[in-house]
Amino acid sequence: MAHPAKGEVTVSAKKVELSKGFESHNGPDLYVLLHRDEEPQNYKKSSYVNLGRLKKVKGAQSYSIPEGIRADAYRSVVIWCKKFDITFAYAPLK
């Protein structure tokens, strides 16, 4: 993991929520993903769902899960830098 983050994440059937204590390093092209792997190693299109650009690097925020996507099919929430194809941070889902 290139840039650790802190805070909590909650995933429901319809959204991913980052807690008010969420904090991440800033980056040039950050996105929030649901990833099929608990510890993401690659970013093939079939291994994740992109929930959108990271809105801010500190504080509470939420991201809608697209219709037809089953959140329970994914094993982590990831902050990913698309430009450099690196994992900034991830949280395994239980």
# chains A, B, ... in the order shown; residues from 1 in each chain; ligands from 1
>>> residues_around(residues="segment 19-28 of chain A", least_positions_apart="4", cutoff="12 Å", atoms="only C-alpha atoms", output="ChimeraX atom specification")
/A:1-11,32,53-63,78-91
>>> residues_around(residues="Ser12 of chain A", least_positions_apart="6", cutoff="9 Å", atoms="only C-alpha atoms", output="list in words")
Ile65, Ala71 and Asp72 of chain A
>>> write_last_selection(atoms="all heavy atoms", output="tab-separated table (two decimals), in the first residue's frame")
chain	number	residue	atom	x	y	z
A	65	ILE	N	-23.58	2.65	-4.91
A	65	ILE	CA	-23.24	1.43	-5.63
A	65	ILE	C	-24.21	1.31	-6.79
A	65	ILE	O	-25.43	1.38	-6.58
A	65	ILE	CB	-23.31	0.21	-4.70
A	65	ILE	CG1	-22.26	0.36	-3.58
A	65	ILE	CG2	-23.11	-1.09	-5.48
A	65	ILE	CD1	-22.34	-0.69	-2.50
A	71	ALA	N	-22.89	-5.81	-3.62
A	71	ALA	CA	-21.75	-5.44	-2.78
A	71	ALA	C	-21.10	-6.65	-2.13
A	71	ALA	O	-19.89	-6.68	-1.93
A	71	ALA	CB	-22.18	-4.43	-1.73
A	72	ASP	N	-21.90	-7.66	-1.80
A	72	ASP	CA	-21.34	-8.84	-1.13
A	72	ASP	C	-20.46	-9.70	-2.03
A	72	ASP	O	-19.82	-10.63	-1.57
A	72	ASP	CB	-22.43	-9.67	-0.47
A	72	ASP	CG	-23.45	-10.23	-1.46
A	72	ASP	OD1	-23.38	-9.93	-2.67
A	72	ASP	OD2	-24.35	-10.96	-1.01
>>> atom_distance(atom1="atom CA of Lys14 of chain A", atom2="atom CA of Lys45 of chain A")
20.6 Å
>>> residues_around(residues="Glu67 of chain A", least_positions_apart="6", cutoff="12 Å", atoms="only C-alpha atoms", output="list in words")
Ala13, Lys14, Lys15, Val49 and Leu51 of chain A
>>> closest_residue(among="A:Leu18, A:Asp29, A:Val77, A:Ser64", to="Tyr48 of chain A", atoms="only C-alpha atoms")
A:Val77
>>> select_by_dssp(residues="chain A", states="strand (DSSP E)", output="PyMOL selection string")
chain A and resi 9-11+15-18+30-35+48-53+61-64+76-81+86-92
>>> select_by_dssp(residues="chain A", states="helix (DSSP H, G or I)", output="PyMOL selection string")
chain A and resi 45-47+71-73
>>> decode(residues="segment 19-35 of chain A", atoms="all heavy atoms", output="mmCIF file, in the first residue's frame")
data_model
loop_
_atom_site.group_PDB
_atom_site.id
_atom_site.type_symbol
_atom_site.label_atom_id
_atom_site.label_comp_id
_atom_site.auth_asym_id
_atom_site.auth_seq_id
_atom_site.Cartn_x
_atom_site.Cartn_y
_atom_site.Cartn_z
ATOM 1 N N SER A 19 -16.093 7.161 7.051
ATOM 2 C CA SER A 19 -16.418 7.817 8.321
ATOM 3 C C SER A 19 -15.880 9.242 8.394
ATOM 4 O O SER A 19 -15.003 9.639 7.614
ATOM 5 C CB SER A 19 -15.841 7.009 9.480
ATOM 6 O OG SER A 19 -14.426 7.110 9.488
ATOM 7 N N LYS A 20 -16.367 9.990 9.383
ATOM 8 C CA LYS A 20 -15.885 11.359 9.567
ATOM 9 C C LYS A 20 -14.404 11.364 9.930
ATOM 10 O O LYS A 20 -13.714 12.351 9.712
ATOM 11 C CB LYS A 20 -16.713 12.107 10.607
ATOM 12 C CG LYS A 20 -16.589 11.593 12.009
ATOM 13 C CD LYS A 20 -17.445 12.407 12.957
ATOM 14 C CE LYS A 20 -17.327 11.864 14.377
ATOM 15 N NZ LYS A 20 -18.132 12.635 15.308
ATOM 16 N N GLY A 21 -13.887 10.245 10.451
ATOM 17 C CA GLY A 21 -12.467 10.132 10.771
ATOM 18 C C GLY A 21 -11.603 9.695 9.599
ATOM 19 O O GLY A 21 -10.401 9.507 9.748
ATOM 20 N N PHE A 22 -12.212 9.553 8.412
ATOM 21 C CA PHE A 22 -11.451 9.143 7.237
ATOM 22 C C PHE A 22 -10.407 10.197 6.887
ATOM 23 O O PHE A 22 -10.670 11.398 6.925
ATOM 24 C CB PHE A 22 -12.381 8.938 6.031
ATOM 25 C CG PHE A 22 -11.638 8.776 4.727
ATOM 26 C CD1 PHE A 22 -10.996 7.597 4.442
ATOM 27 C CD2 PHE A 22 -11.573 9.814 3.814
ATOM 28 C CE1 PHE A 22 -10.283 7.439 3.258
ATOM 29 C CE2 PHE A 22 -10.879 9.676 2.631
ATOM 30 C CZ PHE A 22 -10.230 8.492 2.349
ATOM 31 N N GLU A 23 -9.203 9.709 6.527
ATOM 32 C CA GLU A 23 -8.140 10.600 6.077
ATOM 33 C C GLU A 23 -7.198 9.814 5.168
ATOM 34 O O GLU A 23 -6.799 8.692 5.486
ATOM 35 C CB GLU A 23 -7.380 11.150 7.283
ATOM 36 C CG GLU A 23 -6.408 12.230 6.956
ATOM 37 C CD GLU A 23 -5.803 12.862 8.197
ATOM 38 O OE1 GLU A 23 -6.492 12.933 9.234
ATOM 39 O OE2 GLU A 23 -4.641 13.267 8.118
ATOM 40 N N SER A 24 -6.857 10.401 4.040
ATOM 41 C CA SER A 24 -5.949 9.786 3.074
ATOM 42 C C SER A 24 -4.975 10.837 2.574
ATOM 43 O O SER A 24 -5.256 12.036 2.634
ATOM 44 C CB SER A 24 -6.755 9.248 1.878
ATOM 45 O OG SER A 24 -5.896 8.796 0.852
ATOM 46 N N HIS A 25 -3.844 10.391 2.068
ATOM 47 C CA HIS A 25 -2.956 11.311 1.367
ATOM 48 C C HIS A 25 -3.660 11.770 0.093
ATOM 49 O O HIS A 25 -4.513 11.067 -0.434
ATOM 50 C CB HIS A 25 -1.648 10.626 0.996
ATOM 51 C CG HIS A 25 -0.795 10.311 2.172
ATOM 52 N ND1 HIS A 25 0.218 9.403 2.124
ATOM 53 C CD2 HIS A 25 -0.788 10.786 3.450
ATOM 54 C CE1 HIS A 25 0.811 9.323 3.292
ATOM 55 N NE2 HIS A 25 0.215 10.145 4.118
ATOM 56 N N ASN A 26 -3.265 12.926 -0.413
ATOM 57 C CA ASN A 26 -3.818 13.427 -1.666
ATOM 58 C C ASN A 26 -3.061 12.801 -2.830
ATOM 59 O O ASN A 26 -1.913 12.395 -2.686
ATOM 60 C CB ASN A 26 -3.722 14.952 -1.719
ATOM 61 C CG ASN A 26 -4.729 15.555 -2.670
ATOM 62 O OD1 ASN A 26 -5.443 14.850 -3.360
ATOM 63 N ND2 ASN A 26 -4.779 16.862 -2.704
ATOM 64 N N GLY A 27 -3.698 12.722 -3.961
ATOM 65 C CA GLY A 27 -3.081 12.170 -5.157
ATOM 66 C C GLY A 27 -3.689 12.804 -6.388
ATOM 67 O O GLY A 27 -4.722 13.471 -6.306
ATOM 68 N N PRO A 28 -3.089 12.551 -7.543
ATOM 69 C CA PRO A 28 -3.527 13.230 -8.756
ATOM 70 C C PRO A 28 -4.817 12.698 -9.378
ATOM 71 O O PRO A 28 -5.464 13.406 -10.129
ATOM 72 C CB PRO A 28 -2.355 13.031 -9.707
ATOM 73 C CG PRO A 28 -1.741 11.744 -9.255
ATOM 74 C CD PRO A 28 -1.923 11.727 -7.756
ATOM 75 N N ASP A 29 -5.202 11.465 -9.076
ATOM 76 C CA ASP A 29 -6.291 10.843 -9.835
ATOM 77 C C ASP A 29 -6.925 9.730 -9.000
ATOM 78 O O ASP A 29 -6.910 8.569 -9.388
ATOM 79 C CB ASP A 29 -5.696 10.284 -11.138
ATOM 80 C CG ASP A 29 -6.715 10.010 -12.215
ATOM 81 O OD1 ASP A 29 -7.805 10.605 -12.182
ATOM 82 O OD2 ASP A 29 -6.406 9.202 -13.106
ATOM 83 N N LEU A 30 -7.486 10.091 -7.830
ATOM 84 C CA LEU A 30 -7.949 9.093 -6.864
ATOM 85 C C LEU A 30 -9.411 8.722 -7.061
ATOM 86 O O LEU A 30 -10.256 9.595 -7.257
ATOM 87 C CB LEU A 30 -7.737 9.602 -5.441
ATOM 88 C CG LEU A 30 -6.303 9.922 -5.055
ATOM 89 C CD1 LEU A 30 -6.238 10.401 -3.615
ATOM 90 C CD2 LEU A 30 -5.389 8.729 -5.276
ATOM 91 N N TYR A 31 -9.679 7.415 -6.979
ATOM 92 C CA TYR A 31 -11.017 6.861 -7.131
ATOM 93 C C TYR A 31 -11.320 5.918 -5.981
ATOM 94 O O TYR A 31 -10.412 5.342 -5.379
ATOM 95 C CB TYR A 31 -11.134 6.078 -8.447
ATOM 96 C CG TYR A 31 -11.135 6.976 -9.650
ATOM 97 C CD1 TYR A 31 -9.950 7.417 -10.204
ATOM 98 C CD2 TYR A 31 -12.330 7.400 -10.219
ATOM 99 C CE1 TYR A 31 -9.951 8.257 -11.302
ATOM 100 C CE2 TYR A 31 -12.344 8.236 -11.321
ATOM 101 C CZ TYR A 31 -11.151 8.666 -11.856
ATOM 102 O OH TYR A 31 -11.165 9.505 -12.938
ATOM 103 N N VAL A 32 -12.602 5.722 -5.707
ATOM 104 C CA VAL A 32 -13.069 4.757 -4.712
ATOM 105 C C VAL A 32 -13.604 3.557 -5.488
ATOM 106 O O VAL A 32 -14.423 3.714 -6.397
ATOM 107 C CB VAL A 32 -14.174 5.359 -3.817
ATOM 108 C CG1 VAL A 32 -14.701 4.317 -2.845
ATOM 109 C CG2 VAL A 32 -13.650 6.587 -3.085
ATOM 110 N N LEU A 33 -13.123 2.371 -5.131
ATOM 111 C CA LEU A 33 -13.511 1.145 -5.821
ATOM 112 C C LEU A 33 -14.024 0.109 -4.834
ATOM 113 O O LEU A 33 -13.594 0.072 -3.681
ATOM 114 C CB LEU A 33 -12.305 0.507 -6.534
ATOM 115 C CG LEU A 33 -11.388 1.361 -7.387
ATOM 116 C CD1 LEU A 33 -10.234 0.501 -7.906
ATOM 117 C CD2 LEU A 33 -12.143 1.991 -8.534
ATOM 118 N N LEU A 34 -14.870 -0.771 -5.324
ATOM 119 C CA LEU A 34 -15.128 -2.052 -4.681
ATOM 120 C C LEU A 34 -14.291 -3.051 -5.458
ATOM 121 O O LEU A 34 -14.353 -3.085 -6.697
ATOM 122 C CB LEU A 34 -16.602 -2.442 -4.793
ATOM 123 C CG LEU A 34 -17.570 -1.769 -3.842
ATOM 124 C CD1 LEU A 34 -19.000 -2.165 -4.197
ATOM 125 C CD2 LEU A 34 -17.267 -2.138 -2.398
ATOM 126 N N HIS A 35 -13.482 -3.840 -4.758
ATOM 127 C CA HIS A 35 -12.573 -4.773 -5.437
ATOM 128 C C HIS A 35 -12.908 -6.207 -5.039
ATOM 129 O O HIS A 35 -13.295 -6.472 -3.911
ATOM 130 C CB HIS A 35 -11.126 -4.458 -5.060
ATOM 131 C CG HIS A 35 -10.130 -4.978 -6.041
ATOM 132 N ND1 HIS A 35 -9.807 -6.301 -6.135
ATOM 133 C CD2 HIS A 35 -9.411 -4.335 -6.988
ATOM 134 C CE1 HIS A 35 -8.905 -6.468 -7.093
ATOM 135 N NE2 HIS A 35 -8.654 -5.289 -7.625
#
